[in-house]
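Visitor: work.cif (mmCIF, C-alpha atoms) pasted underneath:
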```cif
data_entry
loop_
_atom_site.label_atom_id
_atom_site.label_comp_id
_atom_site.auth_asym_id
_atom_site.auth_seq_id
_atom_site.Cartn_x
_atom_site.Cartn_y
_atom_site.Cartn_z
CA MET I 895 97.94 80.53 92.85
CA LEU I 896 98.22 76.95 91.74
CA PHE I 897 100.19 74.87 94.22
CA SER I 898 101.38 71.28 94.04
CA ALA I 899 99.01 68.72 95.55
CA LYS I 900 101.27 68.24 98.59
CA THR I 901 101.52 71.99 99.29
CA MET I 902 97.78 72.48 98.73
CA GLU I 903 97.00 69.75 101.26
CA ILE I 904 99.31 71.38 103.84
CA LEU I 905 97.83 74.84 103.22
CA GLN I 906 94.24 73.64 103.43
CA SER I 907 94.89 71.73 106.64
CA SER I 908 96.21 75.00 108.07
CA GLY I 909 93.04 76.91 107.22
CA TRP I 910 93.93 78.43 103.86
CA SER I 911 91.67 78.36 100.79
CA ALA I 912 91.58 80.23 97.50
CA THR I 913 88.93 82.51 99.02
CA TYR I 914 90.88 83.27 102.21
CA LYS I 915 91.04 87.02 102.92
CA ALA I 916 92.96 88.75 105.68
CA GLY I 917 92.69 92.35 106.79
CA VAL I 918 95.93 94.22 106.20
CA SER I 919 95.34 97.64 107.77
CA GLU I 920 97.23 96.79 110.99
CA TYR I 921 100.14 95.41 108.95
CA ILE I 922 100.30 98.60 106.86
CA LYS I 923 100.25 100.73 110.01
CA VAL I 924 103.21 98.84 111.51
CA PHE I 925 105.13 98.90 108.22
CA MET I 926 104.78 102.68 108.13
CA GLU I 927 105.80 103.03 111.78
CA GLU I 928 108.88 100.87 111.18
CA ASP I 929 109.79 102.68 107.93
CA TYR I 930 109.33 99.72 105.58
CA PHE I 931 108.63 100.32 101.89
CA VAL I 932 105.45 98.44 101.05
CA ASN I 933 104.05 97.99 97.56
CA GLU I 934 100.96 96.37 96.07
CA LEU I 935 102.62 92.93 95.81
CA VAL I 936 103.19 92.81 99.57
CA ILE I 937 99.65 94.03 100.31
CA ASN I 938 98.09 91.51 97.91
CA PHE I 939 100.18 88.67 99.32
CA LEU I 940 99.27 89.48 102.91
CA SER I 941 95.58 89.81 102.02
CA GLN I 942 95.78 86.22 100.69
CA PHE I 943 97.98 84.70 103.44
CA GLY I 944 98.27 87.18 106.32
CA GLY I 945 97.77 85.76 109.79
CA LEU I 946 98.14 82.13 108.76
CA THR I 947 100.37 79.65 110.55
CA ILE I 948 101.20 76.68 108.36
CA GLU I 949 102.36 73.42 109.89
CA HIS I 950 104.42 71.18 107.60
CA PRO I 951 106.86 68.26 107.74
CA ALA I 952 110.10 69.39 109.37
CA TYR I 953 113.07 69.94 107.09
CA ARG I 954 115.41 66.94 107.33
CA VAL I 955 113.75 65.60 110.50
CA PRO I 956 111.50 62.62 109.69
CA LYS I 957 108.19 62.32 111.52
CA LYS I 958 108.48 65.82 113.04
CA THR I 959 106.68 69.01 112.07
CA ALA I 960 107.68 72.65 111.87
CA ASN I 961 105.71 75.76 111.02
CA PHE I 962 105.89 79.10 109.30
CA HIS I 963 103.59 82.07 109.64
CA PHE I 964 102.71 85.21 107.75
CA ASN I 965 102.23 87.64 110.62
CA PRO I 966 104.57 90.55 109.90
CA ILE I 967 103.77 92.30 113.19
CA LYS I 968 104.97 89.32 115.18
CA ALA I 969 108.04 88.88 112.95
CA ILE I 970 109.02 92.57 113.06
CA ASN I 971 109.13 92.27 116.84
CA HIS I 972 111.83 89.60 116.44
CA ILE I 973 114.25 91.58 114.25
CA ASN I 974 115.41 95.18 114.17
CA LYS I 975 115.31 97.29 111.01
CA GLU I 976 119.09 97.72 111.06
CA ARG I 977 119.54 93.94 110.71
CA VAL I 978 117.12 93.89 107.76
CA GLU I 979 119.17 96.67 106.16
CA THR I 980 122.28 94.45 106.27
CA TYR I 981 120.39 91.85 104.23
CA GLU I 982 119.22 94.56 101.82
CA GLU I 983 122.84 95.56 101.25
CA ARG I 984 123.78 91.96 100.46
CA ILE I 985 121.11 91.56 97.78
CA ASN I 986 120.98 95.21 96.65
CA THR I 987 117.22 95.68 97.03
CA SER I 988 114.73 96.61 99.74
CA LEU I 989 113.01 93.99 101.90
CA VAL I 990 109.80 93.88 103.90
CA VAL I 991 109.40 91.46 106.80
CA ILE I 992 106.35 89.25 106.13
CA GLY I 993 106.65 86.38 108.63
CA GLU I 994 108.85 83.66 110.09
CA ALA I 995 109.70 80.04 109.28
CA TYR I 996 111.20 77.01 111.00
CA ASN I 997 109.36 77.63 114.26
CA GLU I 998 110.21 81.35 114.30
CA HIS I 999 113.95 80.90 113.72
CA LEU I 1000 114.04 82.23 110.13
CA ILE I 1001 112.72 85.72 109.28
CA LEU I 1002 110.80 85.81 105.99
CA MET I 1003 111.16 88.91 103.81
CA MET I 1004 109.79 90.00 100.42
CA THR I 1005 111.45 92.16 97.76
CA PRO I 1006 109.55 94.79 95.74
CA SER I 1007 109.43 92.30 92.83
CA GLY I 1008 107.95 89.52 95.00
CA GLY I 1009 111.07 87.43 95.67
CA ILE I 1010 111.21 85.81 99.10
CA TYR I 1011 114.28 85.51 101.32
CA GLY I 1012 114.79 83.93 104.72
CA ALA I 1013 117.37 85.05 107.27
CA LEU I 1014 118.82 84.15 110.64
CA ASP I 1015 121.80 86.09 111.98
CA GLU I 1016 124.40 86.01 109.17
CA TYR I 1017 122.58 83.29 107.22
CA LEU I 1018 120.53 84.45 104.22
CA THR I 1019 118.74 82.15 101.79
CA PHE I 1020 116.69 82.69 98.64
CA LEU I 1021 113.37 80.85 98.96
CA GLY I 1022 111.80 81.74 95.63
CA ASN I 1023 111.14 84.26 92.88
CA ASN I 1024 107.58 84.64 94.11
CA PRO I 1025 105.40 83.64 97.08
CA LYS I 1026 104.24 80.42 95.39
CA GLU I 1027 107.82 79.15 94.97
CA ALA I 1028 108.72 80.11 98.53
CA ILE I 1029 105.63 78.49 100.07
CA GLU I 1030 106.29 75.30 98.13
CA ALA I 1031 109.97 75.32 99.16
CA LEU I 1032 108.93 75.58 102.82
CA CYS I 1033 106.08 73.06 102.67
CA GLU I 1034 108.04 70.50 100.68
CA GLY I 1035 111.46 70.90 102.32
CA LYS I 1036 113.23 71.95 99.14
CA GLU I 1037 116.89 72.98 99.20
CA THR I 1038 117.34 76.75 98.86
CA PRO I 1039 120.58 78.54 98.01
CA GLU I 1040 122.50 80.44 100.65
CA ILE I 1041 123.36 84.03 99.76
CA LEU I 1042 126.94 84.79 100.73
#
```
Translate this structure into structure tokens?
Guide:
Amino acid sequence: MLFSAKTMEILQSSGWSATYKAGVSEYIKVFMEEDYFVNELVINFLSQFGGLTIEHPAYRVPKKTANFHFNPIKAINHINKERVETYEERINTSLVVIGEAYNEHLILMMTPSGGIYGALDEYLTFLGNNPKEAIEALCEGKETPEIL
């Protein structure tokens, strides 16, 4: 993945590199236990970013930082499957929990086609058509549309 210079700097300072590899067997086990549909896109993404916590400039709060992580086990423990299903109904596709953003306030979820959404209670936002767009939106504080 080719990221902007700003995003690349943030990712590298958080321990990521193009050669980063994470084990995904524990993630797959939990996905199966929790009845999540997981495809190759999710597995490939988590093998490239799984377990990372990325610290970045806080959204709309100058001189403060926030973070997001790609630890689906931790994130799944913060949301029940029934809540995820309400988001699936709103966007008419399945979702897999992949992490959390904004200091664990926003649940991050991926669609079978690689789109990334973020959710908190009734709030649902579209972060990007693919992981690259979503990571850049988070790192660079880009506006993302709310899904009503």
Visitor: Please compute the CA of Lys968 (chain I)-CA of Gly945 (chain I) distance, one decimal, in Å.
Guide: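 Distance between the two atoms: 9.7 Å.
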Visitor: Between CA of Lys915 (chain I) and CA of Leu1021 (chain I), what distance in Å does the model show, to one decimal?
Guide: 23.5 Å
Visitor: At most 12 Å from (97.0, 97.1, 109.6), file frame, all atoms listed in the file: which residues, as JSON, numbers by chain?
Guide: {"I": [916, 917, 918, 919, 920, 921, 922, 923, 924, 925, 926, 927, 937, 940, 941, 944, 945, 965, 966, 967]}
Visitor: Using all atoms listed in the file, determine which residues lie at most 7 Å from region 985-996 of chain I, disregarding the query and same-chain residues fewer than 5 positions distant; provide the list as a list in words.
Guide: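 Listing them by chain and then by number gives Tyr930, Phe931, Val932, Ala960, Asn961, Phe962, His963, Phe964, Asn965, Pro966, Ala969, Ile970, Ile1001, Leu1002, Met1003, Met1004, Thr1005 and Pro1006 of chain I.
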Visitor: Compare I:Val936, I:Ile948, I:Leu1042, I:Val955 by their minimum atom-to-atom distance to Met902 (chain I), counting only C-alpha atoms, and give me the closest one.
Guide: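 That would be I:Ile948, the residue with the smallest distance to Met902 (chain I).
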